[in-house]
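> This is the structure I want to talk about, given as structure tokens.
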Amino acid sequence: MLISADGVRISAVHHPDSARDLAFVVAHGFTGSWRRPRVAAVMDVLRAYGGVIGFDFRGHGASGGHATMGDREVLDLDAAVAWARQMGYRRVTTVGFSMGGSVVVRHAALHGGVDAVVAVSAPSRWYYRGTPPMRRIHLAINHPVGRLVTRTVLKTRVSPRRWNPIPQAPKDLVGRLSPVPLLIVHGDRDAYFPVDHAEQLYAAAREPRELWIEPGLGHAENAVGPELVKRIGAWVNGRIPG
């Protein structure tokens, strides 16, 4: 268990790599967990490229607290990044999916301390309701019955409190990442966020930046396969060589 800066207990796991000084910190999407098979599969592939840390965001899995949908989750990620540094990793990369993708961008801008950032299927802006899955998510997080279903069925506890103040959106912060390398990955069949989210992030970012629009790819960790994860691992090793 890690402890975030605001006192939330965060469940985490470490797969070490004593031969490398590079760690990947994997940030899952909404309702995810480092124990979920698809997240675990991503972590398993990345182990060929460095040490790997997985963790559960607040309100998810074995972590405490309540989910704030990308706001205070930056503190959970910061605790995981600090743990990587404490274990002696000289290079640390954050890899986030969907909600986790928004968090890795916001964390790098607000807290720093990372050497590269990879955002997969990340939203660029808040309150997006342009697709049926996102309308269902807004129903799930904004209404008491929706939060009850999310807690009992999806094992995810969402805070009933509205944002106050509204946190800065990823598109408004991504320009601060430079000179940290940024990779944005998005599928052209993402049912949650269309590719304009990735394009908006890329347009607002500064160099070094890269955008991959993947043909046929759906959404987040549930859609990525091992070959794409291998490409991400190789990209990170190429951008921040030891």
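Letters A, B, ... go to the chains of the structure tokens in the order shown; residues in each chain start at 1; ligands are counted from 1 in the same order.
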Show me, as a Markdown table, the residues of segment 101-161 of chain A having an atom within 10 Å of segment 22-46 of chain A, each with the closest atom pair and its distance in Å, using only C-alpha atoms.


| residue | atom | partner | partner_atom | distance |
| --- | --- | --- | --- | --- |
| A:Gly101 | CA | A:Ala27 | CA | 7.3 |
| A:Ser102 | CA | A:Gly29 | CA | 9.4 |
| A:Val103 | CA | A:Ala27 | CA | 7.9 |
| A:Val104 | CA | A:Ala27 | CA | 7.5 |
| A:Val114 | CA | A:Val25 | CA | 9.8 |
| A:Asp115 | CA | A:Leu22 | CA | 9.6 |
| A:Ala116 | CA | A:Phe24 | CA | 9.5 |
| A:Val117 | CA | A:Phe24 | CA | 9.7 |
| A:Val118 | CA | A:Val26 | CA | 9.6 |
| A:Ala119 | CA | A:Ala27 | CA | 9.5 |
| A:Val120 | CA | A:Gly29 | CA | 9.7 |
| A:Ser121 | CA | A:Gly29 | CA | 9.3 |
| A:Ala122 | CA | A:Gly29 | CA | 9.2 |
| A:Ile137 | CA | A:Phe30 | CA | 9.4 |
| A:Thr150 | CA | A:Thr31 | CA | 8.3 |
| A:Arg151 | CA | A:Thr31 | CA | 9.4 |
| A:Leu154 | CA | A:Thr31 | CA | 6.3 |
| A:Lys155 | CA | A:Thr31 | CA | 7.2 |
| A:Thr156 | CA | A:Thr31 | CA | 5.6 |
| A:Arg157 | CA | A:Thr31 | CA | 8.9 |
| A:Val158 | CA | A:Thr31 | CA | 9.7 |

> Emit the selected residues as a PDB file, in the first residue's frame, including N, CA, C and O atoms.


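What landed in selection_8.pdb:
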ATOM      1  N   GLY A 101      -5.062   8.028 -19.034  1.00  0.00           N
ATOM      2  CA  GLY A 101      -4.346   8.843 -20.000  1.00  0.00           C
ATOM      3  C   GLY A 101      -4.450  10.320 -19.687  1.00  0.00           C
ATOM      4  O   GLY A 101      -3.490  11.072 -19.829  1.00  0.00           O
ATOM      5  N   SER A 102      -5.636  10.750 -19.245  1.00  0.00           N
ATOM      6  CA  SER A 102      -5.776  12.147 -18.835  1.00  0.00           C
ATOM      7  C   SER A 102      -4.947  12.431 -17.597  1.00  0.00           C
ATOM      8  O   SER A 102      -4.370  13.517 -17.457  1.00  0.00           O
ATOM      9  N   VAL A 103      -4.851  11.440 -16.713  1.00  0.00           N
ATOM     10  CA  VAL A 103      -4.110  11.629 -15.467  1.00  0.00           C
ATOM     11  C   VAL A 103      -2.607  11.739 -15.720  1.00  0.00           C
ATOM     12  O   VAL A 103      -1.932  12.575 -15.110  1.00  0.00           O
ATOM     13  N   VAL A 104      -2.060  10.911 -16.629  1.00  0.00           N
ATOM     14  CA  VAL A 104      -0.610  10.986 -16.860  1.00  0.00           C
ATOM     15  C   VAL A 104      -0.224  12.333 -17.462  1.00  0.00           C
ATOM     16  O   VAL A 104       0.843  12.886 -17.153  1.00  0.00           O
ATOM     17  N   VAL A 114       8.834  12.858 -14.230  1.00  0.00           N
ATOM     18  CA  VAL A 114       8.850  11.718 -15.140  1.00  0.00           C
ATOM     19  C   VAL A 114       9.705  12.055 -16.345  1.00  0.00           C
ATOM     20  O   VAL A 114       9.958  13.225 -16.650  1.00  0.00           O
ATOM     21  N   ASP A 115      10.121  10.996 -17.051  1.00  0.00           N
ATOM     22  CA  ASP A 115      11.028  11.171 -18.185  1.00  0.00           C
ATOM     23  C   ASP A 115      10.352  10.998 -19.530  1.00  0.00           C
ATOM     24  O   ASP A 115      10.915  11.369 -20.561  1.00  0.00           O
ATOM     25  N   ALA A 116       9.174  10.407 -19.551  1.00  0.00           N
ATOM     26  CA  ALA A 116       8.380  10.281 -20.770  1.00  0.00           C
ATOM     27  C   ALA A 116       6.942  10.000 -20.359  1.00  0.00           C
ATOM     28  O   ALA A 116       6.677   9.488 -19.261  1.00  0.00           O
ATOM     29  N   VAL A 117       6.002  10.342 -21.257  1.00  0.00           N
ATOM     30  CA  VAL A 117       4.573  10.165 -20.997  1.00  0.00           C
ATOM     31  C   VAL A 117       3.927   9.522 -22.212  1.00  0.00           C
ATOM     32  O   VAL A 117       4.166   9.947 -23.346  1.00  0.00           O
ATOM     33  N   VAL A 118       3.106   8.491 -21.956  1.00  0.00           N
ATOM     34  CA  VAL A 118       2.348   7.830 -23.013  1.00  0.00           C
ATOM     35  C   VAL A 118       0.872   7.867 -22.623  1.00  0.00           C
ATOM     36  O   VAL A 118       0.495   7.345 -21.572  1.00  0.00           O
ATOM     37  N   ALA A 119       0.037   8.498 -23.458  1.00  0.00           N
ATOM     38  CA  ALA A 119      -1.395   8.604 -23.200  1.00  0.00           C
ATOM     39  C   ALA A 119      -2.147   7.839 -24.281  1.00  0.00           C
ATOM     40  O   ALA A 119      -2.064   8.196 -25.466  1.00  0.00           O
ATOM     41  N   VAL A 120      -2.873   6.802 -23.879  1.00  0.00           N
ATOM     42  CA  VAL A 120      -3.596   5.938 -24.810  1.00  0.00           C
ATOM     43  C   VAL A 120      -5.094   6.153 -24.622  1.00  0.00           C
ATOM     44  O   VAL A 120      -5.605   6.037 -23.501  1.00  0.00           O
ATOM     45  N   SER A 121      -5.797   6.473 -25.709  1.00  0.00           N
ATOM     46  CA  SER A 121      -7.262   6.657 -25.682  1.00  0.00           C
ATOM     47  C   SER A 121      -7.674   7.732 -24.682  1.00  0.00           C
ATOM     48  O   SER A 121      -8.728   7.630 -24.045  1.00  0.00           O
ATOM     49  N   ALA A 122      -6.884   8.758 -24.553  1.00  0.00           N
ATOM     50  CA  ALA A 122      -7.131   9.775 -23.528  1.00  0.00           C
ATOM     51  C   ALA A 122      -8.096  10.842 -24.009  1.00  0.00           C
ATOM     52  O   ALA A 122      -8.040  11.267 -25.170  1.00  0.00           O
ATOM     53  N   ILE A 137     -21.605   6.639 -19.040  1.00  0.00           N
ATOM     54  CA  ILE A 137     -20.677   6.917 -17.945  1.00  0.00           C
ATOM     55  C   ILE A 137     -21.128   8.141 -17.163  1.00  0.00           C
ATOM     56  O   ILE A 137     -21.101   8.140 -15.920  1.00  0.00           O
ATOM     57  N   THR A 150     -22.494   1.299 -10.156  1.00  0.00           N
ATOM     58  CA  THR A 150     -21.043   1.296 -10.395  1.00  0.00           C
ATOM     59  C   THR A 150     -20.301   0.685  -9.209  1.00  0.00           C
ATOM     60  O   THR A 150     -19.333  -0.066  -9.383  1.00  0.00           O
ATOM     61  N   ARG A 151     -20.771   0.996  -7.993  1.00  0.00           N
ATOM     62  CA  ARG A 151     -20.108   0.455  -6.799  1.00  0.00           C
ATOM     63  C   ARG A 151     -20.343  -1.041  -6.649  1.00  0.00           C
ATOM     64  O   ARG A 151     -19.414  -1.793  -6.337  1.00  0.00           O
ATOM     65  N   LEU A 154     -19.477  -2.859 -10.718  1.00  0.00           N
ATOM     66  CA  LEU A 154     -18.141  -2.613 -11.265  1.00  0.00           C
ATOM     67  C   LEU A 154     -17.079  -2.419 -10.191  1.00  0.00           C
ATOM     68  O   LEU A 154     -15.908  -2.198 -10.520  1.00  0.00           O
ATOM     69  N   LYS A 155     -17.477  -2.481  -8.917  1.00  0.00           N
ATOM     70  CA  LYS A 155     -16.538  -2.388  -7.790  1.00  0.00           C
ATOM     71  C   LYS A 155     -15.726  -1.097  -7.837  1.00  0.00           C
ATOM     72  O   LYS A 155     -14.539  -1.077  -7.507  1.00  0.00           O
ATOM     73  N   THR A 156     -16.407  -0.018  -8.231  1.00  0.00           N
ATOM     74  CA  THR A 156     -15.752   1.287  -8.316  1.00  0.00           C
ATOM     75  C   THR A 156     -16.588   2.300  -7.560  1.00  0.00           C
ATOM     76  O   THR A 156     -17.773   2.479  -7.857  1.00  0.00           O
ATOM     77  N   ARG A 157     -15.967   2.957  -6.594  1.00  0.00           N
ATOM     78  CA  ARG A 157     -16.660   3.921  -5.745  1.00  0.00           C
ATOM     79  C   ARG A 157     -16.390   5.335  -6.266  1.00  0.00           C
ATOM     80  O   ARG A 157     -15.253   5.800  -6.247  1.00  0.00           O
ATOM     81  N   VAL A 158     -17.443   6.000  -6.725  1.00  0.00           N
ATOM     82  CA  VAL A 158     -17.319   7.337  -7.305  1.00  0.00           C
ATOM     83  C   VAL A 158     -17.769   8.372  -6.286  1.00  0.00           C
ATOM     84  O   VAL A 158     -18.820   8.228  -5.652  1.00  0.00           O
TER      85      VAL A 158
END

> Could you make a table, as a Markdown table, of the residues of segment 135-242 of chain A that have an atom within 10 Å of an atom of segment 78-96 of chain A, each with its nearest atom pair and distance in Å to one decimal, counting only C-alpha atoms, in chain and number order?


| residue | atom | partner | partner_atom | distance |
| --- | --- | --- | --- | --- |
| A:Val180 | CA | A:Thr93 | CA | 9.9 |
| A:Pro181 | CA | A:Thr93 | CA | 9.7 |
| A:Leu182 | CA | A:Thr93 | CA | 10.0 |
| A:Leu183 | CA | A:Val95 | CA | 9.3 |
| A:Ile184 | CA | A:Gly96 | CA | 10.0 |
| A:Ala220 | CA | A:Gly96 | CA | 8.7 |
| A:Glu221 | CA | A:Gly96 | CA | 9.0 |
| A:Ile232 | CA | A:Val95 | CA | 9.0 |
| A:Gly233 | CA | A:Thr93 | CA | 9.8 |
| A:Val236 | CA | A:Thr93 | CA | 7.6 |
| A:Asn237 | CA | A:Thr93 | CA | 9.8 |
| A:Ile240 | CA | A:Arg91 | CA | 7.6 |
| A:Pro241 | CA | A:Arg91 | CA | 8.9 |
| A:Gly242 | CA | A:Arg91 | CA | 7.9 |

> Please identify the strand (DSSP E) residues within segment 69-226 of chain A (assignment by DSSP from backbone atoms) and present them as a PyMOL selection string.

chain A and resi 91-97+116-120+182-187+209-214

> Using atom CA of Asn222 of chain A and atom CA of Arg136 of chain A as the two end points, give the distance in Å to one decimal.

17.7 Å

> Using only C-alpha atoms, find the one residue out of A:Arg176, A:Arg162, A:Arg20, A:Arg72 that sits nearest to Asp6 of chain A.

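Of A:Arg176, A:Arg162, A:Arg20, A:Arg72, the one nearest Asp6 of chain A, counting only C-alpha atoms, is A:Arg72.
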
> Please measure the separation of atom CA of Pro179 of chain A and atom CA of Arg206 of chain A, giving the value in Å to one decimal.

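Atom-to-atom, atom CA of Pro179 of chain A to atom CA of Arg206 of chain A, that is 7.9 Å.
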
> By how many Å are atom CA of Val52 of chain A and atom CA of His14 of chain A apart?

5.9 Å
